[in-house]
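Some notes on the structure that comes next.
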Amino acid sequence: MRIYAAVLLSLAAGGSAQQATFEPSYPSPWGAGGPGWDEAYAKAREFVRQLNLLEKVNLTTGTGNQADLCTGNTGSIPRLNFRHLCLQDGPVGVRYTDLNSVFPAGISAAATWSRSLLRKRGEAIGAEFNGKGIDVHLGPVVGPLGRDPAGGRNFEAFGPDPYLSGVAVAETIIGTQSAGVVASVKHYVLNEQEHFRSGISSNIDDKSLHELYLWPFADAVRAGVGSVMCSYNQINNTYACENSYVLNKLLKNELGFQGFVMSDWGAQHSNVASALAGLDMTAPGEGFGTNNTYGTFWGGALTEAMLSLAIPPWRLDDMVMRIMAAFYKVGRDTKQVDINYSSWTNETEGYQYWAAKMEKTIVNKHVDVQADHGELIREMGAKATVLLKNVGVVLPLNKPESIAIIGEDAQDNPDGPNGCVDRICNNGTLAMGWGSATAEYPYLISPATALEKQAEADGTVFTNVKGNFDLDAARAAASNASVAIVFANADAGEGYTTLDGNFGDRNNLTLWKGGDELIEAVASVNPNTVVVIHSVGPVLIDHIKTNENVSAILWAGLPGEESGNSLTDVLYGKVNPQGRTPFTWGKNAQDWGVSILFNSTTPTPQQDFAEGVFIDYRYFDREEIEPSFEFGFGLSYTNFTYADLVSTLQEEDATYQPASGETPAAPTYGFLDYDPTTAVAPEDFERIPKFIYPYINNTTLAEFPDDFPRSAHNRSAQPILPAGGPSGGNPELYKVWYVITANITNTGEVAGTEIPQLYISHGGPNEPKVVLRGFDEIALEPGETKTVAFNLTYRDLSNWDTEAEDWRLTEYPKTAYVGASSRDLRLQQELILPK
């Protein structure tokens with residue numbers, strides 16, 4: 001497959017004779033270690049140099065869907081007593097098992113704006129995966145970033161701001177990998193909608209790619225992530241998992257990524273092309289769409305490609321080195337336990353090789369890995385709850401005489417919390433989206449259950465209307481209650497199935513199941529109406545915000561298993577809300593300036609990201625659109641003031657030095673026997689049906705196209721890119737240039753936590769008004785003042801220069817703002833840059 005020269009052109013959604021491309025980049029950079037990786041690479045070298053060709057191929061190739069116990073399974077190295085690698089979803093907990101926890105979804109975790117809670121969540125997730133015997137956690141998620149609020153999988157990630165997402169993903173990765181499990185950050189990159197996800201070309205310019213979508217992946221690499229999962233979609237008309245520009249140049253060269261790139265399930269489309277473009281592991285193993293006799297693009301087909309010299313030996317060595325370095329980096333060699341569950345059955349006994357229906361044994365040992373994580377989940381769910389409106393003295397509740405709980409979203413699912421596979425239903429309260437990013441609930445505390453318990457303790461008369469559509473019953477209950485709490489939700493998920501007509505992506509941004517009508521009915525008869533929304537993202541609620549009888553609105557997000565307890569803690573003031581919205585709430589669907597591509601005449605449509613860097617609040621600011629609630633907004637039960645902004649330049653003569661020099665030449669490890677007879681399975685070898693092996697079928701090798709640039713085989717020393725460097729890019733990018741401080745005072749009567757936010761204006765006429773560049777959580781007693789400090793790096797102050805291929809300070813004035821949201825900027829100061 002030949003990839004042509006780079007130019008980004010404007011395209012129609014249905015396709016065009018002219019297509020956007022990126023310049024190809026070869027050779028695929030080889031890992032060399034570096035800070036945080038050197039010890040792991042030393043161990044990996046000792047291991048890899050012992051391997052033969054078949055053993056190396058075996059580590060790179062999944063053994064097939066449902067071939068073994070885990071969601072994903074690589075081949076093993078029996079000769080060295082090295083078991084296969086176990087890879088498992090998902091972002092909210094261990095998928096397809098029992099006695100695990102269900103954590104708040106990524107979008108709710110981000111709403112805490114709490115580095116410490118994000119780190120603790122990562123640690124707890126890592127501990128549970130490790131306890132089940134899993135080597136690679138398929139998460140966290142920063143792709144999709146959230147370009148379009150209707151995107152089906154946005155809830156898995158941390159919101160559309162790259163800075164917030166970058167902090168959240170880094171803390172999650174550090175926490176997860178500290179427990180001895182490799183994190184695989186996904187989906188790299190521009191997988192921003194579910195419709196046509198396996199063929200759509202996301203077309204983007206280099207500046208927008210760097211400043212938005214690549215930014216959190218850079219933070220993930222800097223945090224030491226062991227794996228990156230490439231996505232289904234095309235990027236400028238080359239599939240992500242064989243896109244040499246995004247894998248070789250950006251990820252492995254510029255960002256200095258030292259771990260391994262794995263494919264999403266079935267996202268590999270080629271043998272040699274994907275290997276030369278930087279893919280290191282394929283999952284689940286099958287080559288969907290391949291027409292060779294192996295049923296996979298790799299396995300025996302990769303062995304043939306190696307024997308035919310279509311792929312250089314150093315490239316295979318680098319694949320395996322990267323896999324093993326990630327393994328050693330997190331300490332799997334000392335922390336690994338036996339796999340003690342099966343993804344494919346809940347029964348204690350079952351088939352080890354599920355697809356083949358072979359080796360019946362004990363597959364589920366029902367190991368309880370929950371520990372005390374429910375306490376963390378309850379705390380996070382409460383601190384992620386965003387108080388959007390609160391007028392009068394309705395909240396916090398204090399032993400009201402009577403309350404009415406109204407709406408299906410407050411209730412238990414009558415079929416149980418796991419009543420639908422992969423949560424592909426919307427029955428009862430919503431606490432996670434649907435798709436592969438799910439896990440089985442050990443329990444789910446519904447809001448009605450928790451609120452009834454609180455009412456009993458307080459002696460409050462409790463009424464519960466369980467449905468959405470009997471509006472007369474809802475009005476009757478609300479009219480007789482001191483406070484009416486009405487619930488509604490909006491769901492979304494992965495685009496392998498449809499729910500209520502929504503194919504993953506949301507068809508619209510309205511509440512589901514008649515939520516708007518239910519809220520209107522309740523508010524029409526009760527002036528103390530409290531609205532609670534569980535949703536995957538923003539919904540259109542300006543008519544609710546402006547309803548005088550709606551005294552309070554809370555966005556409770558997707559809080560996980562302790563949902564009802566978390567919400568009750570906030571409603572009754574046991575937790576003073578600190579949640580801040582991680583996205584903008586518009587008044588109309590058109591306010592975001594983008595839309596899902598729902599229809600196309602081709603399965604591989606073109607989608608231009610013509611908005612550039614202007615998504616979410618950046619677009620609202622540029623177009624001067626008034627939102628219902630702006631990015632970063634959230635109320636408290638107390639009040640805070642800001643004062644005394646100070647910016648301190650750390651070095652008067654600070655300069656930025658682009659990276660330079662060369663890499664070492666590509667190393668090789670061990671001996672590669674090019675005799676095809678050594679790559680054929682032994683005559684007495686008994687194959688497991690539907691299992692993928694590294695053996696070739698016979699000694700007659702396939703012919704491979706010779707149309708790749710010669711540079712793809714070049715193992716000589718390569719120049720380091722100006723922005724390049726180990727694990728995150730040029731270290732100069734992360735030098736602190738300014739420290740920004742401000743004093744925050746709690747002027748209210750109760751203790752609370754404020755989330756001061758730092759925004760920067762880069763000053764250019766074609767730049768966003770402001771962009772987030774810092775935040776913190778400051779707990780304050782009544783009357784207490786604390787100083788918040790933000791470190792502002794060279795990267796934070798810079799813009800991507802496409803000609804220089806580096807981050808550069810522009811000539812325009814830079815201004816720092818500190819405030820309570822993207823539109824509540826209370827303090828500002830121009831930054832005087834070094835000469």
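Naming scheme: A, B, ... for chains in displayed order of the structure tokens; residues 1 onward per chain; ligands 1 onward as shown.
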>> Show me, as a VMD selection string, the residues that have an atom within 8 Å of Phe217 of chain A when counting only C-alpha atoms, minus same-chain residues fewer than 4 positions from it.
In response: chain A and resid 142 166 185 188 213 221
Since we have the selection now, will you write its residues out, keeping N, CA, C and O atoms, as a tab-separated table (two decimals), in the first residue's frame?
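Output file result_12.tsv is given in full below:
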```
chain	number	residue	atom	x	y	z
A	142	VAL	N	-9.00	8.73	26.23
A	142	VAL	CA	-9.01	10.16	25.88
A	142	VAL	C	-9.33	10.33	24.40
A	142	VAL	O	-9.13	11.41	23.82
A	166	GLY	N	-5.83	15.68	29.86
A	166	GLY	CA	-4.44	15.28	30.04
A	166	GLY	C	-4.09	15.03	31.49
A	166	GLY	O	-3.39	14.06	31.82
A	185	VAL	N	-3.84	3.25	26.93
A	185	VAL	CA	-4.66	4.44	26.69
A	185	VAL	C	-5.24	4.37	25.27
A	185	VAL	O	-4.57	3.95	24.33
A	188	TYR	N	-6.50	5.92	19.89
A	188	TYR	CA	-5.58	6.83	19.23
A	188	TYR	C	-5.79	6.77	17.73
A	188	TYR	O	-5.43	5.78	17.12
A	213	TYR	N	-6.22	17.10	20.09
A	213	TYR	CA	-6.43	15.66	20.21
A	213	TYR	C	-5.17	14.90	20.64
A	213	TYR	O	-5.25	13.89	21.32
A	221	VAL	N	1.74	9.61	27.62
A	221	VAL	CA	3.09	9.12	27.38
A	221	VAL	C	4.04	9.64	28.45
A	221	VAL	O	4.89	8.90	28.96
```
> So which bits of segment 677-782 of chain A end up helix (DSSP H, G or I) when you DSSP the backbone, as a PyMOL selection string?
Replying inline: chain A and resi 677-679+710-713+731-734
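Every protein or nucleic acid residue with an atom no more than 8 Å from segment 161-164 of chain A, counting only C-alpha atoms and leaving out same-chain residues fewer than 3 positions away, appears here: Ala110, Trp113, Leu145, Phe158, Val167, Ala168, Glu211, Leu212, Tyr213, Trp215, Pro216, Pro582, Phe583, Asp616, Leu772, Arg773 and Gly774 of chain A.
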Emit the selected residues as a compact mmCIF listing (two decimals), in the first residue's frame, including all heavy atoms.
```
# COMPACT_ATOMS: atom_id res chain seq x y z
N ALA A 110 -13.79 13.13 35.79
CA ALA A 110 -13.25 14.44 35.42
C ALA A 110 -14.00 15.56 36.12
O ALA A 110 -13.42 16.61 36.43
CB ALA A 110 -13.31 14.62 33.91
N TRP A 113 -12.64 17.33 39.20
CA TRP A 113 -11.49 18.23 39.06
C TRP A 113 -10.51 18.00 40.22
O TRP A 113 -9.94 18.94 40.77
CB TRP A 113 -11.93 19.69 39.00
CG TRP A 113 -12.74 20.04 37.79
CD1 TRP A 113 -13.95 19.54 37.42
CD2 TRP A 113 -12.38 20.99 36.77
NE1 TRP A 113 -14.38 20.10 36.24
CE2 TRP A 113 -13.44 21.01 35.81
CE3 TRP A 113 -11.30 21.84 36.58
CZ2 TRP A 113 -13.43 21.83 34.68
CZ3 TRP A 113 -11.30 22.66 35.45
CH2 TRP A 113 -12.34 22.65 34.52
N LEU A 145 -12.14 12.57 22.31
CA LEU A 145 -11.97 13.70 23.21
C LEU A 145 -13.32 14.30 23.55
O LEU A 145 -13.56 14.72 24.69
CB LEU A 145 -11.06 14.75 22.56
CG LEU A 145 -10.73 15.97 23.41
CD1 LEU A 145 -9.87 15.58 24.61
CD2 LEU A 145 -10.01 17.04 22.58
N PHE A 158 -12.66 11.99 29.46
CA PHE A 158 -12.66 13.00 30.52
C PHE A 158 -13.10 14.38 30.05
O PHE A 158 -12.87 15.37 30.73
CB PHE A 158 -11.26 13.09 31.12
CG PHE A 158 -10.74 11.78 31.68
CD1 PHE A 158 -9.74 11.08 31.03
CD2 PHE A 158 -11.27 11.24 32.84
CE1 PHE A 158 -9.26 9.88 31.53
CE2 PHE A 158 -10.80 10.04 33.37
CZ PHE A 158 -9.79 9.35 32.70
N VAL A 167 -4.54 15.91 32.37
CA VAL A 167 -4.29 15.69 33.80
C VAL A 167 -4.99 14.43 34.27
O VAL A 167 -4.41 13.59 34.99
CB VAL A 167 -4.78 16.91 34.61
CG1 VAL A 167 -4.75 16.60 36.11
CG2 VAL A 167 -3.92 18.13 34.30
N ALA A 168 -6.24 14.26 33.86
CA ALA A 168 -7.03 13.11 34.32
C ALA A 168 -6.43 11.80 33.83
O ALA A 168 -6.33 10.83 34.59
CB ALA A 168 -8.47 13.24 33.83
N GLU A 211 -2.72 20.60 19.16
CA GLU A 211 -3.21 21.42 20.27
C GLU A 211 -4.45 20.87 20.95
O GLU A 211 -4.74 21.23 22.09
CB GLU A 211 -3.47 22.84 19.77
CG GLU A 211 -2.20 23.55 19.34
CD GLU A 211 -2.42 25.00 18.95
OE1 GLU A 211 -3.56 25.50 19.13
OE2 GLU A 211 -1.47 25.64 18.47
N LEU A 212 -5.16 19.95 20.27
CA LEU A 212 -6.36 19.37 20.88
C LEU A 212 -6.21 17.87 21.14
O LEU A 212 -6.07 17.44 22.29
CB LEU A 212 -7.57 19.59 19.96
CG LEU A 212 -8.37 20.87 20.07
CD1 LEU A 212 -9.55 20.83 19.12
CD2 LEU A 212 -8.84 21.12 21.49
N TYR A 213 -6.22 17.10 20.09
CA TYR A 213 -6.43 15.66 20.21
C TYR A 213 -5.17 14.90 20.64
O TYR A 213 -5.25 13.89 21.32
CB TYR A 213 -6.98 15.10 18.89
CG TYR A 213 -8.27 15.78 18.50
CD1 TYR A 213 -8.27 16.84 17.59
CD2 TYR A 213 -9.47 15.39 19.06
CE1 TYR A 213 -9.45 17.48 17.24
CE2 TYR A 213 -10.66 16.03 18.72
CZ TYR A 213 -10.65 17.07 17.81
OH TYR A 213 -11.81 17.71 17.49
N TRP A 215 -2.77 16.27 22.50
CA TRP A 215 -2.32 16.80 23.80
C TRP A 215 -2.48 15.80 24.95
O TRP A 215 -1.51 15.52 25.66
CB TRP A 215 -3.06 18.11 24.08
CG TRP A 215 -2.67 18.81 25.35
CD1 TRP A 215 -2.93 18.43 26.64
CD2 TRP A 215 -1.93 20.04 25.45
NE1 TRP A 215 -2.41 19.33 27.53
CE2 TRP A 215 -1.80 20.33 26.82
CE3 TRP A 215 -1.39 20.92 24.51
CZ2 TRP A 215 -1.13 21.48 27.28
CZ3 TRP A 215 -0.73 22.06 24.98
CH2 TRP A 215 -0.60 22.33 26.34
N PRO A 216 -3.67 15.24 25.19
CA PRO A 216 -3.77 14.30 26.33
C PRO A 216 -3.00 13.01 26.11
O PRO A 216 -2.56 12.39 27.09
CB PRO A 216 -5.28 14.06 26.44
CG PRO A 216 -5.84 14.40 25.11
CD PRO A 216 -4.98 15.49 24.56
N PRO A 582 -17.45 19.37 33.15
CA PRO A 582 -16.29 19.19 32.28
C PRO A 582 -16.61 19.42 30.81
O PRO A 582 -15.83 19.04 29.94
CB PRO A 582 -15.90 17.73 32.54
CG PRO A 582 -17.20 17.05 32.84
CD PRO A 582 -18.05 18.07 33.55
N PHE A 583 -17.75 20.02 30.54
CA PHE A 583 -18.17 20.35 29.17
C PHE A 583 -19.15 21.52 29.26
O PHE A 583 -19.62 21.88 30.34
CB PHE A 583 -18.83 19.17 28.47
CG PHE A 583 -19.82 18.43 29.33
CD1 PHE A 583 -21.06 18.96 29.60
CD2 PHE A 583 -19.49 17.21 29.90
CE1 PHE A 583 -21.97 18.30 30.42
CE2 PHE A 583 -20.39 16.52 30.72
CZ PHE A 583 -21.64 17.07 30.98
N ASP A 616 -16.29 22.96 21.80
CA ASP A 616 -16.85 23.22 23.13
C ASP A 616 -16.72 24.70 23.49
O ASP A 616 -17.09 25.54 22.70
CB ASP A 616 -16.20 22.30 24.17
CG ASP A 616 -17.05 22.20 25.43
OD1 ASP A 616 -18.09 21.52 25.38
OD2 ASP A 616 -16.68 22.80 26.45
N LEU A 772 -7.89 26.47 29.04
CA LEU A 772 -7.55 26.02 30.40
C LEU A 772 -6.09 25.59 30.45
O LEU A 772 -5.61 24.85 29.58
CB LEU A 772 -8.45 24.84 30.78
CG LEU A 772 -8.24 24.26 32.19
CD1 LEU A 772 -8.72 25.25 33.24
CD2 LEU A 772 -8.96 22.92 32.33
N ARG A 773 -5.39 26.04 31.49
CA ARG A 773 -3.99 25.65 31.67
C ARG A 773 -3.65 25.35 33.13
O ARG A 773 -2.47 25.23 33.49
CB ARG A 773 -3.06 26.74 31.13
CG ARG A 773 -3.00 26.80 29.61
CD ARG A 773 -2.41 25.53 29.03
NE ARG A 773 -2.23 25.57 27.59
CZ ARG A 773 -3.08 25.04 26.71
NH1 ARG A 773 -4.20 24.46 27.16
NH2 ARG A 773 -2.83 25.08 25.43
N GLY A 774 -4.65 25.21 33.97
CA GLY A 774 -4.38 24.83 35.36
C GLY A 774 -5.66 24.78 36.16
O GLY A 774 -6.64 25.44 35.82
```
Residues within 7 Å of Ser108 of chain A, only C-alpha atoms, excluding chain neighbours under 4 positions, as a PDB file with N, CA and C atoms, in the first residue's frame:
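And here is the file that came out, part34.pdb:
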```pdb
ATOM      1  N   PRO A 104     -17.075   5.344  38.932  1.00  0.00           N
ATOM      2  CA  PRO A 104     -17.658   6.401  38.101  1.00  0.00           C
ATOM      3  C   PRO A 104     -17.001   6.419  36.725  1.00  0.00           C
ATOM      4  N   THR A 112     -14.909  15.835  39.042  1.00  0.00           N
ATOM      5  CA  THR A 112     -14.400  16.129  40.383  1.00  0.00           C
ATOM      6  C   THR A 112     -13.322  17.202  40.345  1.00  0.00           C
ATOM      7  N   ALA A 384     -18.278  14.464  42.268  1.00  0.00           N
ATOM      8  CA  ALA A 384     -18.453  14.689  40.837  1.00  0.00           C
ATOM      9  C   ALA A 384     -19.797  15.322  40.515  1.00  0.00           C
ATOM     10  N   GLY A 557     -24.223  12.832  36.543  1.00  0.00           N
ATOM     11  CA  GLY A 557     -23.331  12.102  35.655  1.00  0.00           C
ATOM     12  C   GLY A 557     -23.601  10.618  35.604  1.00  0.00           C
ATOM     13  N   LEU A 558     -22.528   9.840  35.605  1.00  0.00           N
ATOM     14  CA  LEU A 558     -22.577   8.374  35.614  1.00  0.00           C
ATOM     15  C   LEU A 558     -21.738   7.913  36.800  1.00  0.00           C
ATOM     16  N   PRO A 559     -22.351   7.819  37.985  1.00  0.00           N
ATOM     17  CA  PRO A 559     -21.567   7.739  39.226  1.00  0.00           C
ATOM     18  C   PRO A 559     -21.130   6.354  39.656  1.00  0.00           C
TER      19      PRO A 559
END
```
> Which one is closest to Asp608 of chain A: A:Asp368, A:Lys43, A:Ile200, A:Gly586? Count only C-alpha atoms.
Replying inline: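 Among A:Asp368, A:Lys43, A:Ile200, A:Gly586, it is A:Ile200 that comes nearest to Asp608 of chain A.
Counting only C-alpha atoms, Ala659 of chain A has the following residues at most 8 Å away, ignoring those fewer than 3 positions along the same chain: Ile720, Leu721, Pro722, Ala723, Gly724, Gly725 and Asn730 of chain A.
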May I have the selected residues written with N, CA and C atoms, as a CSV table (one decimal), in the first residue's frame?
```
chain,number,residue,atom,x,y,z
A,720,ILE,N,16.5,13.3,15.7
A,720,ILE,CA,15.5,13.6,16.7
A,720,ILE,C,14.7,14.9,16.3
A,721,LEU,N,13.4,14.8,16.3
A,721,LEU,CA,12.6,15.9,15.9
A,721,LEU,C,12.8,17.1,16.9
A,722,PRO,N,12.6,18.3,16.5
A,722,PRO,CA,12.7,19.5,17.4
A,722,PRO,C,11.9,19.4,18.6
A,723,ALA,N,10.6,18.8,18.5
A,723,ALA,CA,9.8,18.7,19.6
A,723,ALA,C,9.9,17.3,20.3
A,724,GLY,N,10.9,16.5,19.8
A,724,GLY,CA,11.0,15.2,20.3
A,724,GLY,C,11.8,15.0,21.6
A,725,GLY,N,11.6,13.8,22.1
A,725,GLY,CA,12.3,13.5,23.4
A,725,GLY,C,11.7,12.3,24.0
A,730,ASN,N,10.1,16.7,23.9
A,730,ASN,CA,11.3,17.5,24.4
A,730,ASN,C,11.1,18.0,25.8
```
> Neighbours of Asn799 of chain A within 12 Å (only C-alpha atoms; same-chain residues fewer than 2 positions away dropped), as a VMD selection string?
Replying inline: chain A and resid 206 to 212 215 613 733 760 to 764 766 to 768 771 794 to 797 801 to 812 814
